[in-house]
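Visitor: File my_file12.cif below, mmCIF, C-alpha atoms and all ligand atoms:
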```cif
data_final
#
loop_
_atom_site.label_atom_id
_atom_site.label_comp_id
_atom_site.auth_asym_id
_atom_site.auth_seq_id
_atom_site.Cartn_x
_atom_site.Cartn_y
_atom_site.Cartn_z
CA MET A 1 136.81 75.19 56.59
CA LYS A 2 135.68 71.72 57.63
CA VAL A 3 135.54 71.57 61.40
CA ALA A 4 134.98 68.52 63.64
CA VAL A 5 133.33 69.79 66.82
CA PHE A 6 133.96 67.45 69.78
CA SER A 7 132.10 67.07 73.10
CA THR A 8 129.03 68.68 71.50
CA LYS A 9 126.00 69.39 73.66
CA SER A 10 122.71 70.83 72.41
CA TYR A 11 123.75 74.34 73.47
CA ASP A 12 127.10 74.12 71.58
CA ARG A 13 125.26 73.18 68.40
CA GLN A 14 122.73 75.99 68.90
CA PHE A 15 125.21 78.80 69.58
CA LEU A 16 127.95 77.68 67.14
CA ALA A 17 125.47 77.14 64.28
CA LEU A 18 124.06 80.63 64.83
CA ALA A 19 127.51 82.26 64.91
CA ASN A 20 128.49 80.31 61.77
CA GLU A 21 125.51 81.50 59.70
CA SER A 22 127.43 84.27 57.94
CA ALA A 23 130.86 82.57 58.08
CA GLY A 24 129.68 79.43 56.29
CA HIS A 25 132.15 76.87 57.64
CA THR A 26 131.17 73.21 57.50
CA LEU A 27 130.65 72.16 61.10
CA GLU A 28 130.12 68.52 62.00
CA PHE A 29 129.02 67.98 65.57
CA PHE A 30 130.22 64.90 67.47
CA PRO A 31 128.92 64.23 70.98
CA ASN A 32 132.11 62.26 71.68
CA ARG A 33 134.92 63.54 73.84
CA LEU A 34 138.15 63.86 71.84
CA GLU A 35 140.50 61.14 73.09
CA PRO A 36 142.79 58.54 71.46
CA ARG A 37 139.96 56.20 70.46
CA THR A 38 137.75 58.96 68.98
CA SER A 39 140.53 60.89 67.22
CA ARG A 40 139.85 59.08 63.93
CA LEU A 41 136.57 61.03 63.69
CA ALA A 42 138.77 64.01 62.76
CA GLU A 43 139.78 62.35 59.51
CA GLY A 44 138.95 64.52 56.47
CA PHE A 45 138.57 67.74 58.51
CA ASP A 46 140.81 70.84 58.58
CA ALA A 47 140.21 71.75 62.22
CA VAL A 48 138.97 70.34 65.50
CA CYS A 49 136.91 72.44 67.88
CA ALA A 50 137.50 71.25 71.46
CA PHE A 51 136.38 72.04 75.01
CA VAL A 52 137.89 71.85 78.51
CA ASN A 53 137.84 68.08 79.04
CA ASP A 54 138.84 67.00 75.54
CA ASP A 55 142.15 65.16 75.55
CA LEU A 56 144.76 66.96 73.47
CA SER A 57 147.73 64.98 74.70
CA GLU A 58 150.74 64.18 72.50
CA GLU A 59 149.12 60.90 71.44
CA VAL A 60 145.92 62.59 70.26
CA ILE A 61 147.79 65.47 68.63
CA ASN A 62 149.95 63.05 66.62
CA LYS A 63 146.83 61.19 65.53
CA ILE A 64 144.81 64.25 64.44
CA ALA A 65 147.86 65.80 62.74
CA GLY A 66 148.18 62.53 60.81
CA HIS A 67 144.54 62.95 59.75
CA GLY A 68 145.36 66.38 58.28
CA ILE A 69 144.16 68.67 61.09
CA ARG A 70 145.90 72.07 60.99
CA LEU A 71 143.97 74.01 63.62
CA ILE A 72 142.77 73.34 67.17
CA ALA A 73 140.01 75.88 67.90
CA LEU A 74 139.44 75.81 71.66
CA ARG A 75 136.01 77.07 72.68
CA CYS A 76 137.29 77.98 76.14
CA ALA A 77 139.93 80.15 77.82
CA GLY A 78 142.02 77.50 79.63
CA PHE A 79 144.42 75.32 77.63
CA ASN A 80 145.91 73.09 80.34
CA ASN A 81 144.52 70.04 78.47
CA VAL A 82 146.71 70.69 75.39
CA ASP A 83 150.28 69.44 74.93
CA LEU A 84 151.53 72.67 73.40
CA GLU A 85 154.99 71.43 72.50
CA ALA A 86 153.56 68.39 70.70
CA ALA A 87 151.20 70.66 68.77
CA GLU A 88 154.03 72.97 67.78
CA LYS A 89 156.19 70.03 66.70
CA ARG A 90 153.38 68.90 64.37
CA GLY A 91 152.80 72.45 63.08
CA LEU A 92 149.27 72.77 64.53
CA THR A 93 147.92 76.23 65.36
CA ILE A 94 145.99 76.58 68.61
CA LEU A 95 143.48 79.38 69.05
CA ARG A 96 141.35 80.00 72.13
CA VAL A 97 138.75 82.37 73.51
CA PRO A 98 140.83 84.33 76.03
CA ALA A 99 137.93 86.33 77.44
CA TYR A 100 134.21 85.93 76.90
CA SER A 101 132.19 86.84 79.93
CA PRO A 102 134.35 87.12 83.03
CA TYR A 103 131.12 88.24 84.73
CA ALA A 104 129.57 84.80 84.23
CA VAL A 105 132.35 83.10 86.22
CA ALA A 106 132.63 85.93 88.74
CA GLU A 107 128.88 85.93 89.42
CA HIS A 108 128.86 82.14 89.86
CA THR A 109 131.73 82.51 92.34
CA LEU A 110 129.49 84.84 94.36
CA ALA A 111 126.62 82.38 94.05
CA LEU A 112 128.78 79.70 95.69
CA ILE A 113 130.00 82.06 98.44
CA LEU A 114 126.50 83.27 99.30
CA ALA A 115 124.84 79.85 99.09
CA LEU A 116 127.48 78.22 101.30
CA ASN A 117 127.47 81.02 103.86
CA ARG A 118 123.67 81.15 104.20
CA ARG A 119 123.30 77.39 103.57
CA VAL A 120 120.83 77.96 100.76
CA HIS A 121 121.47 74.44 99.44
CA ARG A 122 120.31 72.98 102.75
CA ALA A 123 117.45 75.43 103.34
CA TYR A 124 116.01 74.61 99.89
CA ASN A 125 115.66 70.93 100.78
CA ARG A 126 114.40 71.59 104.31
CA VAL A 127 111.59 73.90 103.27
CA ARG A 128 110.44 71.46 100.59
CA GLU A 129 110.10 68.85 103.32
CA GLY A 130 108.13 71.17 105.58
CA ASN A 131 111.11 71.65 107.92
CA PHE A 132 111.31 75.32 108.85
CA SER A 133 113.91 74.93 111.61
CA LEU A 134 116.84 77.36 111.47
CA GLU A 135 119.19 75.05 113.41
CA ASN A 136 122.61 74.90 111.68
CA LEU A 137 121.71 77.49 109.07
CA LEU A 138 123.59 80.29 110.86
CA GLY A 139 125.64 82.47 108.49
CA PHE A 140 127.88 85.52 108.83
CA ASP A 141 127.84 89.05 107.37
CA LEU A 142 130.23 89.43 104.44
CA ARG A 143 130.67 93.10 105.31
CA GLY A 144 134.05 93.68 106.95
CA ARG A 145 135.28 90.12 106.31
CA THR A 146 138.64 89.58 104.58
CA ILE A 147 138.52 87.93 101.18
CA GLY A 148 141.69 86.60 99.54
CA VAL A 149 141.71 86.49 95.73
CA ILE A 150 144.39 84.31 94.11
CA GLY A 151 144.84 85.46 90.51
CA THR A 152 143.54 88.91 89.62
CA GLY A 153 143.31 88.63 85.83
CA THR A 154 140.05 89.15 83.96
CA ILE A 155 137.87 86.97 86.22
CA GLY A 156 139.63 87.80 89.50
CA ALA A 157 139.18 91.51 88.75
CA ALA A 158 135.46 90.98 88.04
CA VAL A 159 135.14 89.19 91.41
CA VAL A 160 136.91 92.09 93.13
CA HIS A 161 134.53 94.53 91.43
CA ILE A 162 131.48 92.69 92.83
CA LEU A 163 132.96 92.16 96.31
CA ARG A 164 133.66 95.87 96.65
CA GLY A 165 129.91 96.30 96.89
CA PHE A 166 129.85 94.01 99.94
CA ASP A 167 132.32 96.27 101.78
CA CYS A 168 134.86 93.50 102.30
CA ARG A 169 138.58 93.87 102.94
CA LEU A 170 140.25 92.56 99.80
CA LEU A 171 143.66 90.86 99.72
CA ALA A 172 145.18 89.42 96.57
CA TYR A 173 148.10 87.37 95.38
CA ASP A 174 149.20 87.31 91.74
CA VAL A 175 152.52 87.05 89.95
CA VAL A 176 151.55 90.30 88.18
CA GLU A 177 149.71 93.04 90.09
CA ASN A 178 146.61 94.49 88.43
CA GLU A 179 146.46 98.29 88.63
CA GLU A 180 142.67 98.26 88.17
CA CYS A 181 142.36 96.04 91.28
CA LYS A 182 144.66 98.31 93.27
CA LYS A 183 142.40 101.24 92.38
CA MET A 184 139.45 99.21 93.71
CA GLY A 185 141.24 98.96 97.08
CA VAL A 186 142.90 95.56 96.75
CA GLU A 187 146.02 95.04 98.85
CA TYR A 188 148.60 92.71 97.24
CA VAL A 189 150.27 90.48 99.83
CA GLU A 190 152.40 87.35 99.95
CA MET A 191 150.48 84.10 99.63
CA SER A 192 151.24 83.20 103.28
CA GLN A 193 149.60 86.44 104.52
CA LEU A 194 146.59 85.88 102.27
CA PHE A 195 146.22 82.35 103.68
CA ALA A 196 146.59 83.55 107.29
CA GLU A 197 144.21 86.53 107.18
CA SER A 198 141.40 85.53 104.80
CA HIS A 199 137.97 84.35 105.91
CA ILE A 200 137.21 83.41 102.30
CA ILE A 201 139.78 82.39 99.66
CA THR A 202 138.78 82.30 96.02
CA ILE A 203 140.97 80.93 93.23
CA HIS A 204 141.19 82.58 89.78
CA CYS A 205 144.68 81.74 88.54
CA PRO A 206 145.22 79.29 85.66
CA LEU A 207 146.34 75.69 86.16
CA THR A 208 150.06 75.55 85.40
CA PRO A 209 152.94 73.46 86.79
CA ASP A 210 153.39 76.29 89.36
CA THR A 211 149.76 76.25 90.53
CA HIS A 212 149.18 72.47 90.45
CA HIS A 213 148.09 71.50 94.02
CA LEU A 214 148.71 75.08 95.18
CA ILE A 215 146.17 74.30 97.91
CA ASP A 216 147.74 71.34 99.70
CA ASP A 217 148.20 70.32 103.36
CA GLN A 218 150.88 72.97 103.91
CA ALA A 219 148.67 75.73 102.49
CA LEU A 220 145.71 74.59 104.62
CA ASP A 221 147.94 74.60 107.73
CA GLN A 222 148.46 78.34 107.22
CA MET A 223 144.73 79.15 107.02
CA GLN A 224 142.28 80.15 109.76
CA ASP A 225 139.97 77.54 111.24
CA GLY A 226 136.64 77.56 109.46
CA VAL A 227 137.92 79.28 106.29
CA MET A 228 135.78 79.16 103.14
CA LEU A 229 137.59 77.96 100.00
CA ILE A 230 136.13 78.53 96.53
CA ASN A 231 137.54 77.16 93.27
CA THR A 232 135.94 78.10 89.96
CA SER A 233 139.24 77.93 88.06
CA ARG A 234 140.66 74.44 87.44
CA GLY A 235 140.31 71.37 89.65
CA ALA A 236 143.95 70.35 89.99
CA ILE A 237 144.88 73.66 91.64
CA ILE A 238 143.47 71.96 94.74
CA ASP A 239 144.82 68.70 96.18
CA THR A 240 141.44 67.04 96.79
CA GLN A 241 142.77 64.57 99.39
CA ALA A 242 144.24 67.49 101.36
CA VAL A 243 140.94 69.41 101.38
CA ILE A 244 139.09 66.28 102.53
CA ARG A 245 141.55 66.10 105.45
CA GLY A 246 140.95 69.85 106.03
CA LEU A 247 137.17 69.33 106.07
CA LYS A 248 137.48 66.47 108.57
CA THR A 249 139.58 68.56 110.98
CA ARG A 250 137.25 71.56 110.44
CA ARG A 251 140.17 73.72 109.27
CA LEU A 252 138.00 74.15 106.21
CA GLY A 253 134.57 75.41 107.20
CA TYR A 254 133.13 75.58 103.70
CA LEU A 255 134.18 74.33 100.28
CA GLY A 256 132.65 75.56 97.02
CA LEU A 257 133.81 73.90 93.81
CA ASP A 258 132.82 74.34 90.20
CA VAL A 259 135.80 72.28 89.04
CA TYR A 260 137.35 69.02 90.20
CA GLU A 261 140.70 67.49 89.33
CA GLU A 262 139.19 64.27 87.94
CA GLU A 263 136.12 65.94 86.43
CA GLY A 264 136.84 64.56 82.93
CA ASP A 265 135.04 61.29 83.73
CA LEU A 266 132.07 62.99 85.42
CA PHE A 267 131.12 66.47 84.39
CA PHE A 268 128.88 67.47 81.48
CA LYS A 269 127.14 64.05 81.51
CA ASP A 270 123.95 62.75 83.09
CA LEU A 271 125.23 59.97 85.37
CA SER A 272 122.16 59.94 87.60
CA GLU A 273 121.40 56.28 86.78
CA THR A 274 124.98 55.05 87.22
CA VAL A 275 127.14 54.30 90.26
CA ILE A 276 129.83 56.95 90.71
CA GLN A 277 133.13 55.07 90.70
CA ASP A 278 135.23 57.99 91.97
CA ASP A 279 135.40 57.46 95.76
CA THR A 280 137.15 60.78 96.38
CA PHE A 281 134.35 62.69 94.67
CA ALA A 282 131.76 60.57 96.49
CA ARG A 283 133.44 61.44 99.82
CA LEU A 284 133.24 65.16 99.00
CA LEU A 285 129.50 64.82 98.47
CA THR A 286 129.01 63.54 102.03
CA PHE A 287 129.99 66.83 103.70
CA PRO A 288 127.12 69.21 104.53
CA ASN A 289 129.40 72.22 104.03
CA VAL A 290 130.53 71.31 100.51
CA LEU A 291 128.71 72.70 97.48
CA ILE A 292 129.73 71.42 94.05
CA THR A 293 128.51 72.52 90.64
CA GLY A 294 129.60 70.70 87.48
CA HIS A 295 131.77 73.29 85.70
CA GLN A 296 128.85 75.60 84.98
CA ALA A 297 130.36 78.94 86.01
CA PHE A 298 130.78 80.00 82.37
CA PHE A 299 127.26 78.88 81.46
CA THR A 300 125.27 82.01 80.63
CA ARG A 301 123.58 82.96 77.36
CA ASP A 302 125.89 85.96 77.07
CA ALA A 303 129.04 83.88 77.53
CA LEU A 304 127.93 81.16 75.07
CA THR A 305 127.18 83.79 72.41
CA SER A 306 130.57 85.38 72.89
CA ILE A 307 132.42 82.00 72.94
CA ALA A 308 130.72 80.88 69.72
CA GLU A 309 131.37 84.17 67.91
CA THR A 310 135.06 84.26 68.87
CA THR A 311 135.53 80.57 67.98
CA ILE A 312 134.01 81.04 64.52
CA ASN A 313 136.02 84.26 63.99
CA ASN A 314 139.20 82.39 65.03
CA ILE A 315 138.48 79.73 62.39
CA SER A 316 137.81 82.39 59.71
CA ASP A 317 140.97 84.33 60.70
CA PHE A 318 143.04 81.15 60.44
CA GLU A 319 141.62 80.47 56.98
CA LYS A 320 142.61 84.01 55.89
CA ASP A 321 146.02 83.66 57.59
CA GLN A 322 145.16 86.62 59.84
CA VAL A 323 145.01 85.08 63.32
CA LYS A 324 144.74 87.43 66.27
CA GLU A 325 147.96 87.30 68.27
CA GLY A 326 146.04 87.56 71.57
CA ASN A 327 144.02 84.41 70.78
CA LEU A 328 147.06 82.29 69.85
CA VAL A 329 148.29 79.76 72.39
CA ARG A 330 152.01 79.03 72.42
CA SER A 331 154.20 76.91 74.66
CA GLN A 332 156.44 78.66 77.20
CA LYS A 333 159.40 77.21 75.28
CA HIS A 334 158.20 79.05 72.21
CA VAL A 335 157.59 82.27 74.17
CA ARG A 336 161.09 82.09 75.68
CA GLY A 337 162.58 81.20 72.31
P1 LIG B 1 143.54 85.59 83.09
O1 LIG B 1 144.68 85.07 82.29
O2 LIG B 1 142.89 86.88 82.70
O3 LIG B 1 144.00 85.74 84.63
C1 LIG B 1 144.75 84.79 85.31
C2 LIG B 1 145.57 85.52 86.37
O4 LIG B 1 146.28 84.52 87.12
C3 LIG B 1 146.61 86.48 85.78
O5 LIG B 1 146.52 87.74 86.41
C4 LIG B 1 147.94 85.78 86.08
O6 LIG B 1 149.02 86.70 86.30
C5 LIG B 1 147.58 85.01 87.36
N1 LIG B 1 148.53 83.95 87.64
C6 LIG B 1 149.24 83.17 86.79
N2 LIG B 1 150.03 82.33 87.48
C7 LIG B 1 149.81 82.58 88.79
C8 LIG B 1 150.33 82.03 90.00
N3 LIG B 1 151.29 81.08 89.97
N4 LIG B 1 149.86 82.51 91.17
C9 LIG B 1 148.93 83.51 91.20
N5 LIG B 1 148.42 84.08 90.09
C10 LIG B 1 148.85 83.60 88.91
O7 LIG B 1 142.49 84.41 83.15
P2 LIG B 1 140.93 84.52 83.50
O8 LIG B 1 140.15 84.77 82.26
O9 LIG B 1 140.76 85.45 84.65
O10 LIG B 1 140.61 83.00 83.93
C11 LIG B 1 141.20 82.43 85.09
C12 LIG B 1 140.97 80.94 85.05
O11 LIG B 1 139.57 80.68 85.23
C13 LIG B 1 141.30 80.27 83.70
O12 LIG B 1 142.66 79.89 83.65
C14 LIG B 1 140.39 79.07 83.68
O13 LIG B 1 141.12 77.96 84.17
C15 LIG B 1 139.29 79.42 84.68
N6 LIG B 1 137.94 79.46 84.04
C16 LIG B 1 136.95 78.71 84.57
C17 LIG B 1 135.68 78.75 84.01
C18 LIG B 1 134.52 77.95 84.57
O14 LIG B 1 133.49 77.83 83.91
N7 LIG B 1 134.61 77.42 85.78
C19 LIG B 1 135.44 79.57 82.90
C20 LIG B 1 136.49 80.34 82.41
C21 LIG B 1 137.74 80.29 82.98
#
```
Rewrite the coordinates I just gave you, this time as structure tokens.
Guide:
Amino acid sequence: MKVAVFSTKSYDRQFLALANESAGHTLEFFPNRLEPRTSRLAEGFDAVCAFVNDDLSEEVINKIAGHGIRLIALRCAGFNNVDLEAAEKRGLTILRVPAYSPYAVAEHTLALILALNRRVHRAYNRVREGNFSLENLLGFDLRGRTIGVIGTGTIGAAVVHILRGFDCRLLAYDVVENEECKKMGVEYVEMSQLFAESHIITIHCPLTPDTHHLIDDQALDQMQDGVMLINTSRGAIIDTQAVIRGLKTRRLGYLGLDVYEEEGDLFFKDLSETVIQDDTFARLLTFPNVLITGHQAFFTRDALTSIAETTINNISDFEKDQVKEGNLVRSQKHVRG
């Protein structure tokens, strides 16, 4: 099949080309983000391959469908950036990579927790400047602390598995309880109890209308002073203005983000020579107890290999009319129907 690959970085080209060696699809790599003004690049192709910040709104879907696109091959797990009903209306199939390396995201979650707690990001700079003072670097033992996990699917369960080794008390909230997590000692509680009792809260549910701004002023009001909040899931699960207020009042003691609700204009690009126009993001960067990474939790060699192989297999399966049910993305309307 002829596939237009959008938002291509050097590593996408490297891993997708390798996975495609035996499949033999024609891949054309575009560095451009898929959006209304770049959608014409899809002309003459059978499929688009898109990533987390590509725009697959109704407008773009109508345009690419008009150009003859039949398949959207997402090289990610989340699909909150796709208008599923519009895609279904235009007869487009959407395939994704439901699980690649949950360990990659889970391990990065731990990296944020440990770095924030022990202030590694600050110590790194101090030592390089010959400042060996320990003032304000005081951390706490994770052992015995209560950790609240919101969303115990593939990644949440991998986080639980790691945290067990730290001897923490583990609380969780999910709309579906995970038996594997229960066996690992997780106690499922109401969200309000998780907010009230957790020293660290880590988010691993998908972004849906139900979870949009799940962490808002009201949620923060229920948390302990000095709580640590980690989000490696999707930015808009957190109301950024609310967490800025929480940081100013010290309700939030630490904030670790790998995702940000307006990340589409920032992440995955080198903007080091430009002036950041997003004042909310700029404000976040001023807090000493905020650590932000640019959506890199998935970014391991193992995960990229697995993402590329599944994406290429999805394209081959579509061509043979043998798509894997578990990789298909459908709208809730369709599921209910
Ligand atoms: P998953 O589908 O295996 O698990 C998601 C869990 O969230 C499920 O158990 C589900 O029941 C639960 N859930 C759904 N709605 C909920 C709600 N309203 N409240 C609480 N729980 C709810 O998904 P996963 O593979 O574990 O991935 C989780 C999320 O991580 C993805 O949706 C994606 O947004 C994000 N992600 C981020 C990166 C990154 O690089 N930062 C990489 C991969 C995935």
Visitor: Distance limit 8 Å, reference ligand LIG 1 (chain B), atoms considered: all atoms listed in the file. Which residues make the cut? Give them as an MDAnalysis selection string.
Guide: chainID A and resid 76:80 98:99 102 104:105 150:157 173:178 204:208 210:211 232:234 258:259 295:299
Visitor: Region 107-206 of chain A near region 270-288 of chain A within 12 Å: what's each residue's closest atom pair and its distance in Å to one decimal, counting only C-alpha atoms, ordered by chain then ascending residue number, as CSV?
Guide:
```
residue,atom,partner,partner_atom,distance
A:Leu116,CA,A:Pro288,CA,9.6
A:Asn117,CA,A:Pro288,CA,11.8
A:Arg119,CA,A:Pro288,CA,9.1
A:Val120,CA,A:Pro288,CA,11.4
A:His121,CA,A:Pro288,CA,9.2
A:Arg122,CA,A:Pro288,CA,8.0
A:Ala123,CA,A:Pro288,CA,11.6
A:Asn136,CA,A:Pro288,CA,10.2
A:Leu137,CA,A:Pro288,CA,10.9
```
Visitor: Fewer than 3 positions away in the same chain doesn't count, so skip those; otherwise give me all residues within 8 Å of region 320-333 of chain A, counting only C-alpha atoms, as a PyMOL selection string.
Guide: chain A and resi 79+84-85+88+93-98+314+316-317+336-337
Visitor: Go through A:Thr293, A:Gly148, A:His213, A:Pro36 one by one, measure the shortest atom-to-atom distance of each to Glu263 (chain A) using all atoms listed in the file, and give the residue with the smallest value.
Guide: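 The answer is A:Thr293, which sits nearest to Glu263 (chain A).
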Visitor: One decimal, in Å: what's the spacing between CA of Asp216 (chain A) and CA of Glu107 (chain A)?
Guide: 26.0 Å
